[in-house]
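The structure appears below as structure tokens.
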Amino acid sequence: MTEGARLPWRPAPAGTATASVLAAARKASDELMDGLTGVRARRATHGLRRLFGFAGLGLTDLSGSLLWSGRPGADEAVAQVLDEVLHSEEPVSAGGVAAVPLHVHDELAGALLVLGDPPGGVLRQAADVVVQALERGRLEASADQAAQAELRALRAEMSPHFVYNALTVIASLVRDEPDRARDLMLDFADYTRYSLARHGEYTVVAEEFRAVETYLALQRAVLGERLRVQVRVAPEVLAVAVPYLVLEPLVENAIRHGIEPRSGAGLVQVHGQAEGNDCVISVEDDGVGMDPALAADILAGRVADGAGLGLANVDKRLRNVYGAWYGLTVETGLAVGTRVIVRVPRFQPGVLP
């Protein structure tokens with residue numbers, strides 16, 4: 001191409017079906033979810049050029065590294081326009097090349113360059129497809145980061161008081177009951193491995209119940225006759241995939257805030273069963289209970305002192321994964337105990353251990 005020559009903009013064929021256009025736009029948008037330097041960004045560049053009928057189209061991030069599709073523009077014109085658009089953050093046109101800045105959440109993320117002289121509205125539409133894809137990608141990345149932060153918060157919630165008491169009990173048994181001390185030490189090792197080790201995003205109900213039983217064994221050693229437990233799970237839900245670390249915080253909450261404050265012995269029951277297409281797990285205690293309004297505030301994250309952090313985090317993680325119809329339900333009242341119900345679908349696309 002001769003420097004300074006201007007190519008006419010060639011729109012897509014007039015007979016292009018609306019559904020095909022939307023599908024092409026969606027595909028290009030999906031390919032930009034990882035950003036302007038993602039592994040699929042070059043394919044998105046090709047798709048956008050064909051979709052809008054440009055002779056040539058380029059995408060760049062703030063580094064100025066350009067991904068180009070179609071007929072190349074004059075090197076000097078492209079370099080000039082690219083430099084100007086990234087520095088001025090305003091649309092630029094020179095030497096047969098037009099460019100518009102890409103602002104994502106009001107911050108400059110890169111630029112879109114095209115060959116020829118397309119109508120401004122068409123160029124803006126192409127830029128909008130790119131910007132919306134980048135914004136969606138950042139939002140999903142933020143959601144993933146938030147979920148990981150909540151999971152780290154749950155891991156960090158391991159009570160130092162519980163750890164100290166468990167190790168003290170084990171130490172007291174070493175001389176007189178060495179076999180029991182050894183078993184409890186192995187339980188403690190399993191408990192810390194599951195609670196603190198790095199895991200995938202999802203596990204299965206069977207693993208969650210195993211962690212619960214280990215935790216309860218340690219708590220029974222600490223609390224003695226003050227704690228009675230009952231664990232029952234139906235075989236048909238053992239393989240159901242669930243977000244990692246959703247049950248242990250509920251059981252810990254039942255003991256710390258239900259059983260320990262009461263006088264006398266208390267019972268904690270953990271049951272899991274299938275109800276139609278759902279897996280329903282309940283964690284129930286006959287402890288001191290709480291005001292239902294307080295339970296609502298805890299689930300909503302409105303309790304300032306951090307009480308019930310595990311409950312709120314588990315509920316939020318479940319709703320993020322399965323939708324608003326799922327999550328936790330709390331049934332409670334003062335002096336009547338507390339029952340927390342977990343409801344998740346038995347089969348959910350994308351939720352795999």
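Simple scheme: letters A, B, ... for chains in structure tokens order, numbers from 1 for residues in each chain, numbers from 1 for ligands in the order shown.
Near stretch 33-43 of chain A, within 7 Å and counting only C-alpha atoms, sit Ser29, Gly47, Leu59, Thr60, Asp61, Leu67, Ala133, Leu134, Arg136 and Gly137 of chain A; same-chain residues fewer than 4 positions away were not included.
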Go ahead and dump the residues you just picked, all heavy atoms, as a short mmCIF file (atom, residue, chain, number, x, y, z; two decimals), in the first residue's frame.
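Dumped everything to out16.cif:
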data_model
loop_
_atom_site.label_atom_id
_atom_site.label_comp_id
_atom_site.auth_asym_id
_atom_site.auth_seq_id
_atom_site.Cartn_x
_atom_site.Cartn_y
_atom_site.Cartn_z
N SER A 29 -15.97 -11.48 21.45
CA SER A 29 -15.99 -11.00 22.83
C SER A 29 -15.43 -12.05 23.77
O SER A 29 -14.62 -11.73 24.66
CB SER A 29 -17.43 -10.64 23.22
OG SER A 29 -17.51 -10.25 24.57
N GLY A 47 -11.59 -12.08 13.82
CA GLY A 47 -13.05 -12.11 13.83
C GLY A 47 -13.66 -10.72 13.74
O GLY A 47 -14.65 -10.50 13.02
N LEU A 59 -5.20 -4.49 17.27
CA LEU A 59 -5.47 -4.27 18.69
C LEU A 59 -4.14 -4.18 19.42
O LEU A 59 -3.21 -4.93 19.13
CB LEU A 59 -6.30 -5.41 19.28
CG LEU A 59 -7.76 -5.52 18.87
CD1 LEU A 59 -8.37 -6.80 19.43
CD2 LEU A 59 -8.55 -4.31 19.34
N THR A 60 -4.08 -3.28 20.38
CA THR A 60 -2.86 -3.14 21.18
C THR A 60 -3.21 -2.83 22.62
O THR A 60 -4.24 -2.20 22.90
CB THR A 60 -1.95 -2.03 20.63
OG1 THR A 60 -0.77 -1.95 21.44
CG2 THR A 60 -2.65 -0.68 20.64
N ASP A 61 -2.35 -3.26 23.53
CA ASP A 61 -2.49 -2.84 24.93
C ASP A 61 -1.58 -1.65 25.16
O ASP A 61 -1.08 -1.03 24.20
CB ASP A 61 -2.16 -4.00 25.87
CG ASP A 61 -0.73 -4.49 25.71
OD1 ASP A 61 0.04 -3.87 24.95
OD2 ASP A 61 -0.38 -5.49 26.36
N LEU A 67 -1.38 -6.44 17.60
CA LEU A 67 -1.88 -7.63 16.91
C LEU A 67 -2.66 -7.15 15.69
O LEU A 67 -3.59 -6.36 15.83
CB LEU A 67 -2.79 -8.44 17.83
CG LEU A 67 -2.16 -9.09 19.06
CD1 LEU A 67 -3.23 -9.79 19.89
CD2 LEU A 67 -1.08 -10.08 18.66
N ALA A 133 -16.02 -6.69 26.29
CA ALA A 133 -15.36 -7.97 26.57
C ALA A 133 -14.30 -7.81 27.65
O ALA A 133 -14.19 -8.64 28.56
CB ALA A 133 -14.74 -8.52 25.29
N LEU A 134 -13.52 -6.74 27.58
CA LEU A 134 -12.47 -6.52 28.58
C LEU A 134 -13.07 -6.24 29.95
O LEU A 134 -12.55 -6.72 30.97
CB LEU A 134 -11.58 -5.35 28.15
CG LEU A 134 -10.79 -5.55 26.85
CD1 LEU A 134 -10.01 -4.28 26.52
CD2 LEU A 134 -9.86 -6.74 26.94
N ARG A 136 -15.99 -7.31 31.03
CA ARG A 136 -16.54 -8.59 31.54
C ARG A 136 -15.42 -9.47 32.07
O ARG A 136 -15.56 -10.13 33.11
CB ARG A 136 -17.31 -9.29 30.43
CG ARG A 136 -18.04 -10.56 30.86
CD ARG A 136 -19.19 -10.86 29.91
NE ARG A 136 -18.71 -11.05 28.55
CZ ARG A 136 -18.49 -12.24 27.99
NH1 ARG A 136 -18.68 -13.34 28.70
NH2 ARG A 136 -18.08 -12.34 26.76
N GLY A 137 -14.29 -9.50 31.36
CA GLY A 137 -13.17 -10.31 31.81
C GLY A 137 -12.63 -9.84 33.15
O GLY A 137 -12.32 -10.65 34.03
#
Checklist line | Neighbour list for stretch 292-303 of chain A as a ChimeraX atom specification, cut-off 10 Å, only C-alpha atoms, skip fewer than 5 positions in-chain | finding: /A:308-316,328-334,338
Note to self: Using only C-alpha atoms, which protein or nucleic acid residues come within 12 Å of A:Val288? Drop anything in the same chain fewer than 4 positions from it, and give the result as number ranges by chain.
What the structure shows: A: 254-267, 284, 332-339
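Secondary structure by DSSP on the backbone puts the following residues of stretch 250-323 of chain A in alpha helix (DSSP H): Leu250, Val251, Glu252, Asn253, Ala254, Pro292, Ala293, Leu294, Ala295, Ala296, Asp297, Ile298, Leu299, Leu309, Gly310, Leu311, Ala312, Asn313, Val314, Asp315, Lys316, Arg317, Leu318, Arg319, Asn320, Val321 and Tyr322 of chain A.
From atom CA of A:Leu238 back to atom CA of A:Ala206, the distance works out to 4.6 Å.
Using only C-alpha atoms, the smallest distance between any of A:Arg220, A:Arg319, A:Arg232, A:Arg26 and A:Asn165 comes from A:Arg220.
If only C-alpha atoms are the atoms counted, then among A:Val212, A:Ala274, A:Leu115, A:Leu227 the closest residue to A:Glu252 is A:Val212.
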Checklist line | Using only C-alpha atoms: which of A:Gly70, A:Ala111, A:Gly58, A:Arg175 has the shortest distance to A:His87 | finding: A:Ala111
Margin query: For A:Val268, find every residue with an atom within 7 Å (counting only C-alpha atoms), except residues of its own chain fewer than 5 positions away, and show them as a ChimeraX atom specification.
Written below: /A:228-230,284-285
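Among the candidate residues A:Val351, A:Ala44, A:Val130, A:Val237, the one lying nearest to A:Gly276 is A:Val237, with distances computed using only C-alpha atoms.
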